[in-house]
>>> print(open('structure.tsv').read())   # TSV, N, CA and C atoms
chain	number	residue	atom	x	y	z
L	1	MET	N	22.61	18.78	-34.47
L	1	MET	CA	21.48	18.70	-35.37
L	1	MET	C	21.95	19.23	-36.74
L	2	ILE	N	21.57	18.51	-37.78
L	2	ILE	CA	21.96	18.90	-39.13
L	2	ILE	C	20.74	19.50	-39.84
L	3	LEU	N	20.86	20.73	-40.27
L	3	LEU	CA	19.82	21.40	-41.05
L	3	LEU	C	20.32	21.50	-42.48
L	4	ARG	N	19.60	22.22	-43.32
L	4	ARG	CA	20.00	22.39	-44.72
L	4	ARG	C	20.06	23.88	-45.02
L	5	LYS	N	21.17	24.31	-45.61
L	5	LYS	CA	21.36	25.73	-45.95
L	5	LYS	C	21.57	25.87	-47.45
L	6	TRP	N	20.85	26.80	-48.05
L	6	TRP	CA	20.92	27.02	-49.49
L	6	TRP	C	22.25	27.69	-49.85
L	7	ASN	N	22.91	27.14	-50.87
L	7	ASN	CA	24.13	27.73	-51.40
L	7	ASN	C	23.76	28.42	-52.70
L	8	TYR	N	23.85	29.76	-52.71
L	8	TYR	CA	23.43	30.55	-53.88
L	8	TYR	C	24.29	30.27	-55.11
L	9	LYS	N	25.57	30.01	-54.93
L	9	LYS	CA	26.46	29.79	-56.07
L	9	LYS	C	26.27	28.40	-56.67
L	10	ALA	N	26.16	27.38	-55.82
L	10	ALA	CA	26.02	26.00	-56.31
L	10	ALA	C	24.56	25.66	-56.66
L	11	HIS	N	23.64	26.48	-56.19
L	11	HIS	CA	22.21	26.25	-56.40
L	11	HIS	C	21.77	24.90	-55.85
L	12	GLU	N	22.21	24.63	-54.64
L	12	GLU	CA	21.81	23.40	-53.96
L	12	GLU	C	21.97	23.58	-52.45
L	13	TYR	N	21.36	22.67	-51.70
L	13	TYR	CA	21.48	22.71	-50.24
L	13	TYR	C	22.77	22.04	-49.80
L	14	GLU	N	23.29	22.55	-48.69
L	14	GLU	CA	24.47	21.96	-48.05
L	14	GLU	C	24.11	21.66	-46.60
L	15	PRO	N	24.75	20.66	-46.00
L	15	PRO	CA	24.51	20.39	-44.59
L	15	PRO	C	24.92	21.60	-43.75
L	16	PHE	N	24.13	21.90	-42.74
L	16	PHE	CA	24.37	23.04	-41.87
L	16	PHE	C	24.16	22.58	-40.44
L	17	GLU	N	25.24	22.46	-39.69
L	17	GLU	CA	25.16	21.89	-38.35
L	17	GLU	C	24.97	22.97	-37.29
L	18	VAL	N	24.05	22.70	-36.37
L	18	VAL	CA	23.85	23.55	-35.19
L	18	VAL	C	23.96	22.66	-33.96
L	19	PRO	N	24.34	23.22	-32.81
L	19	PRO	CA	24.45	22.40	-31.61
L	19	PRO	C	23.13	21.70	-31.26
L	20	ASP	N	23.23	20.49	-30.75
L	20	ASP	CA	22.04	19.71	-30.40
L	20	ASP	C	21.19	20.36	-29.33
L	21	ASP	N	21.79	21.20	-28.49
L	21	ASP	CA	21.01	21.81	-27.41
L	21	ASP	C	20.31	23.11	-27.84
L	22	TRP	N	20.47	23.53	-29.09
L	22	TRP	CA	19.75	24.71	-29.59
L	22	TRP	C	18.33	24.31	-29.94
L	23	ASN	N	17.40	25.23	-29.72
L	23	ASN	CA	16.00	25.03	-30.03
L	23	ASN	C	15.66	25.80	-31.30
L	24	CYS	N	15.92	25.20	-32.45
L	24	CYS	CA	15.65	25.82	-33.75
L	24	CYS	C	14.34	25.26	-34.28
L	25	LYS	N	13.43	26.15	-34.66
L	25	LYS	CA	12.10	25.72	-35.08
L	25	LYS	C	11.65	26.42	-36.35
L	26	THR	N	10.77	25.73	-37.07
L	26	THR	CA	10.12	26.31	-38.25
L	26	THR	C	8.69	26.69	-37.93
L	27	TYR	N	8.13	26.08	-36.90
L	27	TYR	CA	6.74	26.27	-36.54
L	27	TYR	C	6.60	26.12	-35.04
L	28	CYS	N	5.72	26.92	-34.45
L	28	CYS	CA	5.52	26.84	-33.00
L	28	CYS	C	4.12	27.34	-32.68
L	29	THR	N	3.40	26.65	-31.83
L	29	THR	CA	2.07	27.10	-31.43
L	29	THR	C	2.13	28.12	-30.31
L	30	ASP	N	3.27	28.21	-29.63
L	30	ASP	CA	3.46	29.17	-28.54
L	30	ASP	C	4.43	30.24	-29.02
L	31	MET	N	3.88	31.40	-29.40
L	31	MET	CA	4.71	32.47	-29.94
L	31	MET	C	5.67	33.06	-28.91
L	32	SER	N	5.49	32.73	-27.63
L	32	SER	CA	6.41	33.22	-26.60
L	32	SER	C	7.51	32.21	-26.26
L	33	GLU	N	7.57	31.11	-26.99
L	33	GLU	CA	8.63	30.12	-26.77
L	33	GLU	C	9.97	30.71	-27.19
L	34	ILE	N	10.99	30.45	-26.40
L	34	ILE	CA	12.35	30.91	-26.71
L	34	ILE	C	12.98	29.92	-27.68
L	35	VAL	N	13.47	30.44	-28.80
L	35	VAL	CA	14.15	29.62	-29.80
L	35	VAL	C	15.53	30.22	-30.08
L	36	ASN	N	16.36	29.45	-30.75
L	36	ASN	CA	17.69	29.92	-31.16
L	36	ASN	C	17.70	30.21	-32.64
L	37	CYS	N	18.36	31.29	-33.02
L	37	CYS	CA	18.62	31.57	-34.43
L	37	CYS	C	19.66	30.55	-34.89
L	38	PRO	N	19.40	29.79	-35.94
L	38	PRO	CA	20.36	28.78	-36.38
L	38	PRO	C	21.68	29.36	-36.90
L	39	HIS	N	21.68	30.63	-37.30
L	39	HIS	CA	22.92	31.25	-37.78
L	39	HIS	C	23.84	31.63	-36.62
L	40	CYS	N	23.32	32.40	-35.67
L	40	CYS	CA	24.18	32.97	-34.62
L	40	CYS	C	23.90	32.43	-33.22
L	41	GLY	N	22.81	31.69	-33.06
L	41	GLY	CA	22.48	31.13	-31.76
L	41	GLY	C	21.72	32.06	-30.84
L	42	ALA	N	21.45	33.29	-31.29
L	42	ALA	CA	20.73	34.25	-30.45
L	42	ALA	C	19.42	33.64	-29.98
L	43	ARG	N	19.09	33.92	-28.72
L	43	ARG	CA	17.82	33.44	-28.15
L	43	ARG	C	16.78	34.55	-28.35
L	44	LEU	N	15.62	34.17	-28.88
L	44	LEU	CA	14.56	35.15	-29.12
L	44	LEU	C	13.21	34.47	-29.04
L	45	LEU	N	12.17	35.29	-28.87
L	45	LEU	CA	10.82	34.76	-28.89
L	45	LEU	C	10.50	34.29	-30.31
L	46	PHE	N	9.86	33.14	-30.42
L	46	PHE	CA	9.52	32.66	-31.76
L	46	PHE	C	8.67	33.69	-32.50
L	47	GLY	N	7.79	34.36	-31.78
L	47	GLY	CA	6.93	35.37	-32.39
L	47	GLY	C	7.68	36.56	-32.93
L	48	ASN	N	8.91	36.76	-32.52
L	48	ASN	CA	9.74	37.86	-33.01
L	48	ASN	C	10.73	37.42	-34.08
L	49	SER	N	10.66	36.16	-34.49
L	49	SER	CA	11.61	35.65	-35.48
L	49	SER	C	11.13	35.92	-36.89
L	50	PHE	N	12.07	35.87	-37.82
L	50	PHE	CA	11.79	36.00	-39.25
L	50	PHE	C	11.99	34.63	-39.88
L	51	THR	N	11.33	34.36	-40.98
L	51	THR	CA	11.50	33.09	-41.68
L	51	THR	C	12.77	33.15	-42.52
L	52	SER	N	13.63	32.18	-42.31
L	52	SER	CA	14.90	32.13	-43.03
L	52	SER	C	14.69	31.93	-44.52
L	53	LEU	N	15.49	32.64	-45.31
L	53	LEU	CA	15.51	32.47	-46.75
L	53	LEU	C	16.50	31.38	-47.17
L	54	GLU	N	17.33	30.93	-46.23
L	54	GLU	CA	18.42	30.01	-46.55
L	54	GLU	C	18.37	28.69	-45.80
L	55	VAL	N	17.99	28.69	-44.54
L	55	VAL	CA	18.03	27.49	-43.71
L	55	VAL	C	16.64	26.88	-43.67
L	56	HIS	N	16.51	25.69	-44.29
L	56	HIS	CA	15.21	25.07	-44.48
L	56	HIS	C	15.18	23.61	-44.05
L	57	THR	N	13.96	23.13	-43.88
L	57	THR	CA	13.74	21.69	-43.68
L	57	THR	C	13.81	21.01	-45.04
L	58	ALA	N	13.73	19.70	-45.04
L	58	ALA	CA	13.74	18.94	-46.30
L	58	ALA	C	12.53	19.27	-47.17
L	59	THR	N	11.46	19.78	-46.58
L	59	THR	CA	10.27	20.15	-47.35
L	59	THR	C	10.25	21.63	-47.72
L	60	GLY	N	11.31	22.36	-47.37
L	60	GLY	CA	11.42	23.76	-47.77
L	60	GLY	C	10.91	24.79	-46.78
L	61	MET	N	10.54	24.37	-45.58
L	61	MET	CA	10.08	25.33	-44.57
L	61	MET	C	11.29	26.02	-43.95
L	62	GLY	N	11.22	27.35	-43.85
L	62	GLY	CA	12.31	28.12	-43.29
L	62	GLY	C	12.28	28.15	-41.77
L	63	TYR	N	13.44	28.08	-41.16
L	63	TYR	CA	13.56	28.17	-39.70
L	63	TYR	C	13.43	29.63	-39.26
L	64	GLY	N	13.04	29.82	-38.00
L	64	GLY	CA	12.95	31.16	-37.42
L	64	GLY	C	14.34	31.68	-37.12
L	65	ILE	N	14.63	32.91	-37.58
L	65	ILE	CA	15.95	33.52	-37.35
L	65	ILE	C	15.79	34.92	-36.78
L	66	CYS	N	16.87	35.46	-36.23
L	66	CYS	CA	16.84	36.80	-35.65
L	66	CYS	C	16.87	37.87	-36.76
L	67	GLY	N	16.52	39.09	-36.40
L	67	GLY	CA	16.46	40.18	-37.36
L	67	GLY	C	17.79	40.50	-38.00
L	68	LYS	N	18.88	40.46	-37.23
L	68	LYS	CA	20.20	40.76	-37.76
L	68	LYS	C	20.60	39.74	-38.83
L	69	CYS	N	20.35	38.47	-38.57
L	69	CYS	CA	20.70	37.43	-39.54
L	69	CYS	C	19.75	37.48	-40.73
L	70	HIS	N	18.51	37.88	-40.52
L	70	HIS	CA	17.58	38.02	-41.65
L	70	HIS	C	18.07	39.11	-42.60
L	71	GLU	N	18.52	40.22	-42.06
L	71	GLU	CA	19.06	41.29	-42.90
L	71	GLU	C	20.25	40.79	-43.72
L	72	ALA	N	21.12	40.00	-43.10
L	72	ALA	CA	22.28	39.45	-43.81
L	72	ALA	C	21.84	38.49	-44.91
L	73	GLU	N	20.81	37.68	-44.65
L	73	GLU	CA	20.30	36.77	-45.67
L	73	GLU	C	19.73	37.54	-46.86
L	74	VAL	N	18.96	38.57	-46.58
L	74	VAL	CA	18.37	39.37	-47.65
L	74	VAL	C	19.47	39.98	-48.51
L	75	LYS	N	20.52	40.48	-47.86
L	75	LYS	CA	21.65	41.06	-48.60
L	75	LYS	C	22.31	40.01	-49.49
L	76	ARG	N	22.57	38.82	-48.95
L	76	ARG	CA	23.19	37.75	-49.75
L	76	ARG	C	22.29	37.34	-50.91
L	77	ASN	N	20.99	37.28	-50.66
L	77	ASN	CA	20.04	36.91	-51.70
L	77	ASN	C	20.06	37.95	-52.83
L	78	LEU	N	20.04	39.21	-52.49
L	78	LEU	CA	20.07	40.27	-53.51
L	78	LEU	C	21.37	40.25	-54.29
L	79	GLU	N	22.49	40.03	-53.59
L	79	GLU	CA	23.79	39.96	-54.27
L	79	GLU	C	23.83	38.79	-55.24
L	80	ALA	N	23.27	37.65	-54.84
L	80	ALA	CA	23.27	36.47	-55.70
L	80	ALA	C	22.39	36.68	-56.94
L	81	MET	N	21.34	37.45	-56.80
L	81	MET	CA	20.45	37.71	-57.93
L	81	MET	C	21.12	38.61	-58.97
L	82	HIS	N	22.12	39.39	-58.54
L	82	HIS	CA	22.77	40.32	-59.45
L	82	HIS	C	24.13	39.84	-59.94
L	83	GLU	N	24.45	38.60	-59.69
L	83	GLU	CA	25.73	38.04	-60.16
L	83	GLU	C	25.59	37.47	-61.55
>>> encode(input="structure.tsv", output="C-alpha cells")
Amino acid sequence: MILRKWNYKAHEYEPFEVPDDWNCKTYCTDMSEIVNCPHCGARLLFGNSFTSLEVHTATGMGYGICGKCHEAEVKRNLEAMHE
C-alpha cells in the first residue's frame, strides 16, 4: 500500500510504502480495532493512536500512529521549523 509522507525539506509529499497486510487507518468507528503504525508497524488499538503529522491521505487526513513514532514526528516537525 502506498501512502503519502510529508518531506519537511522539500515541502512536498513523497510516496511512503507499507506492507499490504498492515491495517493502517485514518478513521475507525471501532476504537478497539487493532491497527498498525505506518512508521514502525506496531499493533495498537485505534483508540490509543495519535494522528500523524507526516503520513496523510490525499485529502490531508493523518493516519493513526503509535506514541513513540508520534514523539519522533513532533521532534522532526520542531527541528524543521527552526531550520
>>> residues_around(input="structure.tsv", residues="Gly60 (chain L)", least_positions_apart="2", cutoff="12 Å", atoms="only C-alpha atoms", output="list in words")
Leu3, Arg4, Lys5, Trp6, Tyr13, Thr26, Thr51, Ser52, Leu53, Glu54, Val55, His56, Thr57, Ala58, Gly62 and Tyr63 of chain L
>>> residues_around(input="structure.tsv", residues="Ile65 (chain L)", least_positions_apart="6", cutoff="7 Å", atoms="only N, CA and C atoms", output="mmCIF file with N, CA and C atoms, in the coordinates of the input")
data_model
loop_
_atom_site.group_PDB
_atom_site.id
_atom_site.type_symbol
_atom_site.label_atom_id
_atom_site.label_comp_id
_atom_site.auth_asym_id
_atom_site.auth_seq_id
_atom_site.Cartn_x
_atom_site.Cartn_y
_atom_site.Cartn_z
ATOM 1 N N ASN L 36 16.360 29.450 -30.750
ATOM 2 C CA ASN L 36 17.690 29.920 -31.160
ATOM 3 C C ASN L 36 17.700 30.210 -32.640
ATOM 4 N N CYS L 37 18.360 31.290 -33.020
ATOM 5 C CA CYS L 37 18.620 31.570 -34.430
ATOM 6 C C CYS L 37 19.660 30.550 -34.890
ATOM 7 N N PRO L 38 19.400 29.790 -35.940
ATOM 8 C CA PRO L 38 20.360 28.780 -36.380
ATOM 9 C C PRO L 38 21.680 29.360 -36.900
ATOM 10 N N HIS L 39 21.680 30.630 -37.300
ATOM 11 C CA HIS L 39 22.920 31.250 -37.780
ATOM 12 C C HIS L 39 23.840 31.630 -36.620
ATOM 13 N N ASN L 48 8.910 36.760 -32.520
ATOM 14 C CA ASN L 48 9.740 37.860 -33.010
ATOM 15 C C ASN L 48 10.730 37.420 -34.080
ATOM 16 N N SER L 49 10.660 36.160 -34.490
ATOM 17 C CA SER L 49 11.610 35.650 -35.480
ATOM 18 C C SER L 49 11.130 35.920 -36.890
ATOM 19 N N PHE L 50 12.070 35.870 -37.820
ATOM 20 C CA PHE L 50 11.790 36.000 -39.250
ATOM 21 C C PHE L 50 11.990 34.630 -39.880
ATOM 22 N N THR L 51 11.330 34.360 -40.980
ATOM 23 C CA THR L 51 11.500 33.090 -41.680
ATOM 24 C C THR L 51 12.770 33.150 -42.520
ATOM 25 N N SER L 52 13.630 32.180 -42.310
ATOM 26 C CA SER L 52 14.900 32.130 -43.030
ATOM 27 C C SER L 52 14.690 31.930 -44.520
#
>>> closest_residue(input="structure.tsv", among="L:Glu71, L:Glu33, L:Asp21, L:Glu79", to="Lys9 (chain L)", atoms="only C-alpha atoms")
L:Glu79
>>> atom_distance(input="structure.tsv", atom1="atom C of Thr59 (chain L)", atom2="CA of Glu83 (chain L)")
25.8 Å
>>> select_by_dssp(input="structure.tsv", residues="chain L", states="helix (DSSP H, G or I)", output="PyMOL selection string")
chain L and resi 46-48+67-81
>>> atom_distance(input="structure.tsv", atom1="CA of Arg43 (chain L)", atom2="atom N of Asn7 (chain L)")
24.1 Å
>>> select_by_dssp(input="structure.tsv", residues="chain L", states="strand (DSSP E or B)", output="tab-separated table (two decimals) with N, CA and C atoms, keeping the file's coordinate frame")
chain	number	residue	atom	x	y	z
L	2	ILE	N	21.57	18.51	-37.78
L	2	ILE	CA	21.96	18.90	-39.13
L	2	ILE	C	20.74	19.50	-39.84
L	3	LEU	N	20.86	20.73	-40.27
L	3	LEU	CA	19.82	21.40	-41.05
L	3	LEU	C	20.32	21.50	-42.48
L	4	ARG	N	19.60	22.22	-43.32
L	4	ARG	CA	20.00	22.39	-44.72
L	4	ARG	C	20.06	23.88	-45.02
L	5	LYS	N	21.17	24.31	-45.61
L	5	LYS	CA	21.36	25.73	-45.95
L	5	LYS	C	21.57	25.87	-47.45
L	6	TRP	N	20.85	26.80	-48.05
L	6	TRP	CA	20.92	27.02	-49.49
L	6	TRP	C	22.25	27.69	-49.85
L	7	ASN	N	22.91	27.14	-50.87
L	7	ASN	CA	24.13	27.73	-51.40
L	7	ASN	C	23.76	28.42	-52.70
L	12	GLU	N	22.21	24.63	-54.64
L	12	GLU	CA	21.81	23.40	-53.96
L	12	GLU	C	21.97	23.58	-52.45
L	13	TYR	N	21.36	22.67	-51.70
L	13	TYR	CA	21.48	22.71	-50.24
L	13	TYR	C	22.77	22.04	-49.80
L	14	GLU	N	23.29	22.55	-48.69
L	14	GLU	CA	24.47	21.96	-48.05
L	14	GLU	C	24.11	21.66	-46.60
L	15	PRO	N	24.75	20.66	-46.00
L	15	PRO	CA	24.51	20.39	-44.59
L	15	PRO	C	24.92	21.60	-43.75
L	16	PHE	N	24.13	21.90	-42.74
L	16	PHE	CA	24.37	23.04	-41.87
L	16	PHE	C	24.16	22.58	-40.44
L	17	GLU	N	25.24	22.46	-39.69
L	17	GLU	CA	25.16	21.89	-38.35
L	17	GLU	C	24.97	22.97	-37.29
L	34	ILE	N	10.99	30.45	-26.40
L	34	ILE	CA	12.35	30.91	-26.71
L	34	ILE	C	12.98	29.92	-27.68
L	35	VAL	N	13.47	30.44	-28.80
L	35	VAL	CA	14.15	29.62	-29.80
L	35	VAL	C	15.53	30.22	-30.08
L	36	ASN	N	16.36	29.45	-30.75
L	36	ASN	CA	17.69	29.92	-31.16
L	36	ASN	C	17.70	30.21	-32.64
L	43	ARG	N	19.09	33.92	-28.72
L	43	ARG	CA	17.82	33.44	-28.15
L	43	ARG	C	16.78	34.55	-28.35
L	44	LEU	N	15.62	34.17	-28.88
L	44	LEU	CA	14.56	35.15	-29.12
L	44	LEU	C	13.21	34.47	-29.04
L	45	LEU	N	12.17	35.29	-28.87
L	45	LEU	CA	10.82	34.76	-28.89
L	45	LEU	C	10.50	34.29	-30.31
L	50	PHE	N	12.07	35.87	-37.82
L	50	PHE	CA	11.79	36.00	-39.25
L	50	PHE	C	11.99	34.63	-39.88
L	51	THR	N	11.33	34.36	-40.98
L	51	THR	CA	11.50	33.09	-41.68
L	51	THR	C	12.77	33.15	-42.52
L	52	SER	N	13.63	32.18	-42.31
L	52	SER	CA	14.90	32.13	-43.03
L	52	SER	C	14.69	31.93	-44.52
L	53	LEU	N	15.49	32.64	-45.31
L	53	LEU	CA	15.51	32.47	-46.75
L	53	LEU	C	16.50	31.38	-47.17
L	54	GLU	N	17.33	30.93	-46.23
L	54	GLU	CA	18.42	30.01	-46.55
L	54	GLU	C	18.37	28.69	-45.80
L	55	VAL	N	17.99	28.69	-44.54
L	55	VAL	CA	18.03	27.49	-43.71
L	55	VAL	C	16.64	26.88	-43.67
L	56	HIS	N	16.51	25.69	-44.29
L	56	HIS	CA	15.21	25.07	-44.48
L	56	HIS	C	15.18	23.61	-44.05
L	62	GLY	N	11.22	27.35	-43.85
L	62	GLY	CA	12.31	28.12	-43.29
L	62	GLY	C	12.28	28.15	-41.77
L	63	TYR	N	13.44	28.08	-41.16
L	63	TYR	CA	13.56	28.17	-39.70
L	63	TYR	C	13.43	29.63	-39.26
L	64	GLY	N	13.04	29.82	-38.00
L	64	GLY	CA	12.95	31.16	-37.42
L	64	GLY	C	14.34	31.68	-37.12
L	65	ILE	N	14.63	32.91	-37.58
L	65	ILE	CA	15.95	33.52	-37.35
L	65	ILE	C	15.79	34.92	-36.78
>>> residues_around(input="structure.tsv", residues="Pro19 (chain L)", least_positions_apart="2", cutoff="10 Å", atoms="only C-alpha atoms", output="list in words")
Met1, Ile2, Glu17, Asp21, Trp22, Asn23, Cys24, Pro38 and Gly41 of chain L
>>> atom_distance(input="structure.tsv", atom1="atom C of Arg76 (chain L)", atom2="atom N of Ala10 (chain L)")
11.8 Å
>>> axis_aligned_box(input="structure.tsv", around="region 16-35 of chain L", padding_each_side="3 Å", output="AutoDock Vina command-line options")
--center_x 13.7 --center_y 26.5 --center_z -34.5 --size_x 29.2 --size_y 19.5 --size_z 22.5
>>> residues_around(input="structure.tsv", residues="Cys28 (chain L)", least_positions_apart="4", cutoff="10 Å", atoms="only C-alpha atoms", output="ChimeraX atom specification")
/L:32-33,35,46-47,64
